[in-house]
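Data first, discussion second: the structure below is written as structure tokens.
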Amino acid sequence: MAGRRRAGTPRLAADAQGRWRLSPDVRCDWELFVAYTHRAALPGSDTEADLTTALRMVSGPLWTNLPDGRYRWVTAGPIARGTREGVIDVAHRLAGLTLDFGDTMTAMAACRTGLRAVPTAQVLWRDLLRTVAARGDRRTLEAVVTEMYRTIGTAGTRRGGWAEAETDGLVQTLLPGYRRARQ
């Protein structure tokens with residue numbers, strides 16, 4: 001994207017109140033993510049392709065690598081919460097859809113993409129556990145459970161996060177008698 005539109009006006013300019021504004025022809029990944037997500041819900045759409053395309057715009061943890069002391073309003077408010085919820089929802093929908101078709105590779109990729117963005121999203125961990133269990137590989141399932149507990153246990157507070165009852169219940173269903181190692 002060049003700094004000027006075809007008409008010669010800048011793509012980034014101050015408005016009459018001195019606030020910076022992008023020209024309407026500038027698009028960002030989040031707009032496209034939302035557009036593909038909405039299109040996936042339309043009758044006759046290729047839901048799997050649209051959700052997959054939306055998730056391709058997610059490359060890692062959300063709202064990281066920001067300058068120290070800046071943009072706190074973004075990371076602590078509804079913008080960050082909304083983007084996290086949107087990514088989790090799309091990854092969850094794609095994982096469920098493709099697992100229902102027996103496509104465990106796409107389901108795992110959807111879960112992993114969502115977890116790269118929001119590592120503590122327990123709904124995605126549960127999707128991943130069900131997907132790995134569907135593949136019938138107990139050793140990998142045990143490794144994923146260990147990874148999950150380690151990830152959610154170190155998140156959030158000094159004492160760490162806790163697994164939701166639904167998550168613990170699923171682990172016991174998929175791996176009866178599983179005992180997690182003390183960290």
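By order of appearance in the structure tokens: chains A, B, ..., then residues from 1 within every chain, and ligands from 1 in the order shown.
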
When DSSP works through the backbone of this structure, what residues of chain A end up as strand (DSSP E), shown as an MDAnalysis selection string?
chainID A and resid 12:14 20:22

Next, dump the selected residues to file, keeping only N, CA and C atoms, as an mmCIF file, in the first residue's frame.
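Below is the file part.cif, written as the result:
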data_model
loop_
_atom_site.group_PDB
_atom_site.id
_atom_site.type_symbol
_atom_site.label_atom_id
_atom_site.label_comp_id
_atom_site.auth_asym_id
_atom_site.auth_seq_id
_atom_site.Cartn_x
_atom_site.Cartn_y
_atom_site.Cartn_z
ATOM 1 N N LEU A 12 -3.415 8.220 5.309
ATOM 2 C CA LEU A 12 -3.442 8.509 6.738
ATOM 3 C C LEU A 12 -3.362 10.023 6.890
ATOM 4 N N ALA A 13 -4.408 10.602 7.484
ATOM 5 C CA ALA A 13 -4.440 12.059 7.626
ATOM 6 C C ALA A 13 -5.225 12.439 8.876
ATOM 7 N N ALA A 14 -4.932 13.610 9.397
ATOM 8 C CA ALA A 14 -5.655 14.128 10.562
ATOM 9 C C ALA A 14 -6.985 14.716 10.099
ATOM 10 N N TRP A 20 -6.208 11.061 13.948
ATOM 11 C CA TRP A 20 -5.710 10.389 12.757
ATOM 12 C C TRP A 20 -6.768 9.445 12.214
ATOM 13 N N ARG A 21 -6.952 9.456 10.923
ATOM 14 C CA ARG A 21 -7.946 8.605 10.251
ATOM 15 C C ARG A 21 -7.308 7.931 9.045
ATOM 16 N N LEU A 22 -7.679 6.678 8.837
ATOM 17 C CA LEU A 22 -7.285 5.960 7.627
ATOM 18 C C LEU A 22 -8.341 6.188 6.564
#

Based on the backbone DSSP call, show me all residues of segment 1-174 of chain A assigned helix (DSSP H, G or I), as a PyMOL selection string.
chain A and resi 29-40+47-55+72-75+78-100+104-117+122-135+138-153+165-174

Would you save the residues of that selection, restricted to C-alpha atoms, as a tab-separated table (two decimals), in the first residue's frame?
chain	number	residue	atom	x	y	z
A	29	ASP	CA	-6.62	-8.27	8.59
A	30	TRP	CA	-9.32	-8.01	11.25
A	31	GLU	CA	-11.83	-6.59	8.76
A	32	LEU	CA	-11.12	-9.46	6.39
A	33	PHE	CA	-11.27	-11.99	9.25
A	34	VAL	CA	-14.72	-10.69	10.20
A	35	ALA	CA	-15.89	-10.64	6.57
A	36	TYR	CA	-14.89	-14.28	5.99
A	37	THR	CA	-16.44	-15.26	9.31
A	38	HIS	CA	-19.74	-13.62	8.38
A	39	ARG	CA	-19.68	-15.10	4.88
A	40	ALA	CA	-19.14	-18.58	6.37
A	47	THR	CA	-18.17	-22.64	5.35
A	48	GLU	CA	-15.00	-24.66	5.72
A	49	ALA	CA	-13.10	-22.61	3.12
A	50	ASP	CA	-14.24	-19.29	4.60
A	51	LEU	CA	-13.36	-20.26	8.17
A	52	THR	CA	-10.00	-21.62	7.02
A	53	THR	CA	-9.26	-18.39	5.15
A	54	ALA	CA	-10.19	-16.34	8.22
A	55	LEU	CA	-7.86	-18.41	10.42
A	72	ARG	CA	-3.11	-0.49	27.35
A	73	TRP	CA	-6.58	0.67	26.31
A	74	VAL	CA	-6.51	-1.94	23.55
A	75	THR	CA	-5.18	-4.90	25.53
A	78	PRO	CA	-13.39	-4.77	24.58
A	79	ILE	CA	-11.21	-4.66	21.47
A	80	ALA	CA	-8.77	-7.30	22.71
A	81	ARG	CA	-11.56	-9.35	24.28
A	82	GLY	CA	-13.56	-9.24	21.04
A	83	THR	CA	-10.64	-10.31	18.86
A	84	ARG	CA	-9.77	-13.17	21.24
A	85	GLU	CA	-13.38	-14.35	21.30
A	86	GLY	CA	-13.62	-14.08	17.51
A	87	VAL	CA	-10.52	-16.18	16.90
A	88	ILE	CA	-11.59	-18.77	19.48
A	89	ASP	CA	-15.06	-18.99	17.93
A	90	VAL	CA	-13.78	-19.46	14.38
A	91	ALA	CA	-11.19	-22.06	15.42
A	92	HIS	CA	-13.83	-23.91	17.47
A	93	ARG	CA	-16.35	-23.87	14.62
A	94	LEU	CA	-13.81	-25.10	12.08
A	95	ALA	CA	-12.50	-27.81	14.39
A	96	GLY	CA	-15.99	-29.08	15.10
A	97	LEU	CA	-17.04	-28.98	11.46
A	98	THR	CA	-14.00	-30.81	10.15
A	99	LEU	CA	-13.87	-33.33	12.99
A	100	ASP	CA	-17.51	-34.20	12.21
A	104	THR	CA	-8.59	-34.66	11.98
A	105	MET	CA	-5.71	-32.86	10.27
A	106	THR	CA	-7.74	-29.72	9.58
A	107	ALA	CA	-9.38	-29.91	13.01
A	108	MET	CA	-5.96	-30.09	14.70
A	109	ALA	CA	-4.65	-27.22	12.58
A	110	ALA	CA	-7.67	-25.08	13.53
A	111	CYS	CA	-7.15	-25.82	17.23
A	112	ARG	CA	-3.42	-25.12	17.09
A	113	THR	CA	-3.94	-21.84	15.23
A	114	GLY	CA	-6.49	-20.70	17.78
A	115	LEU	CA	-4.23	-21.79	20.64
A	116	ARG	CA	-1.28	-19.87	19.22
A	117	ALA	CA	-3.47	-16.77	19.41
A	122	GLN	CA	-9.93	-24.28	27.13
A	123	VAL	CA	-12.70	-24.86	24.57
A	124	LEU	CA	-9.94	-25.21	21.96
A	125	TRP	CA	-7.92	-27.51	24.22
A	126	ARG	CA	-11.01	-29.71	24.57
A	127	ASP	CA	-11.48	-29.68	20.78
A	128	LEU	CA	-7.84	-30.67	20.37
A	129	LEU	CA	-8.16	-33.47	22.93
A	130	ARG	CA	-11.23	-34.88	21.16
A	131	THR	CA	-9.43	-34.63	17.82
A	132	VAL	CA	-6.30	-36.40	19.03
A	133	ALA	CA	-8.47	-39.04	20.73
A	134	ALA	CA	-10.28	-39.63	17.43
A	135	ARG	CA	-6.92	-40.52	15.91
A	138	ARG	CA	-2.88	-42.53	23.42
A	139	ARG	CA	0.75	-41.42	23.73
A	140	THR	CA	0.09	-38.23	21.76
A	141	LEU	CA	-3.11	-37.67	23.73
A	142	GLU	CA	-1.18	-37.89	27.01
A	143	ALA	CA	1.40	-35.44	25.65
A	144	VAL	CA	-1.31	-32.97	24.65
A	145	VAL	CA	-2.98	-33.26	28.07
A	146	THR	CA	0.36	-32.57	29.77
A	147	GLU	CA	0.98	-29.59	27.46
A	148	MET	CA	-2.51	-28.27	28.13
A	149	TYR	CA	-2.21	-28.41	31.91
A	150	ARG	CA	1.23	-26.81	31.77
A	151	THR	CA	-0.06	-23.99	29.54
A	152	ILE	CA	-3.20	-23.16	31.49
A	153	GLY	CA	-1.39	-23.65	34.79
A	165	ALA	CA	-14.48	-28.78	35.37
A	166	GLU	CA	-15.50	-29.62	31.80
A	167	THR	CA	-11.85	-29.84	30.78
A	168	ASP	CA	-10.92	-32.10	33.71
A	169	GLY	CA	-13.99	-34.24	33.02
A	170	LEU	CA	-13.05	-34.69	29.37
A	171	VAL	CA	-9.51	-35.71	30.32
A	172	GLN	CA	-10.92	-38.36	32.69
A	173	THR	CA	-13.30	-39.59	29.97
A	174	LEU	CA	-10.57	-39.85	27.33

Do you have the atom CA of Pro176 of chain A-atom CA of Ala163 of chain A distance handy?
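So the two atoms, atom CA of Pro176 of chain A and atom CA of Ala163 of chain A, lie 16.7 Å apart.
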
Of the listed residues A:Arg11, A:Gly44, A:Thr120, A:Arg179, that which approaches Glu164 of chain A most closely, counting only C-alpha atoms:
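Closest candidate: A:Thr120.
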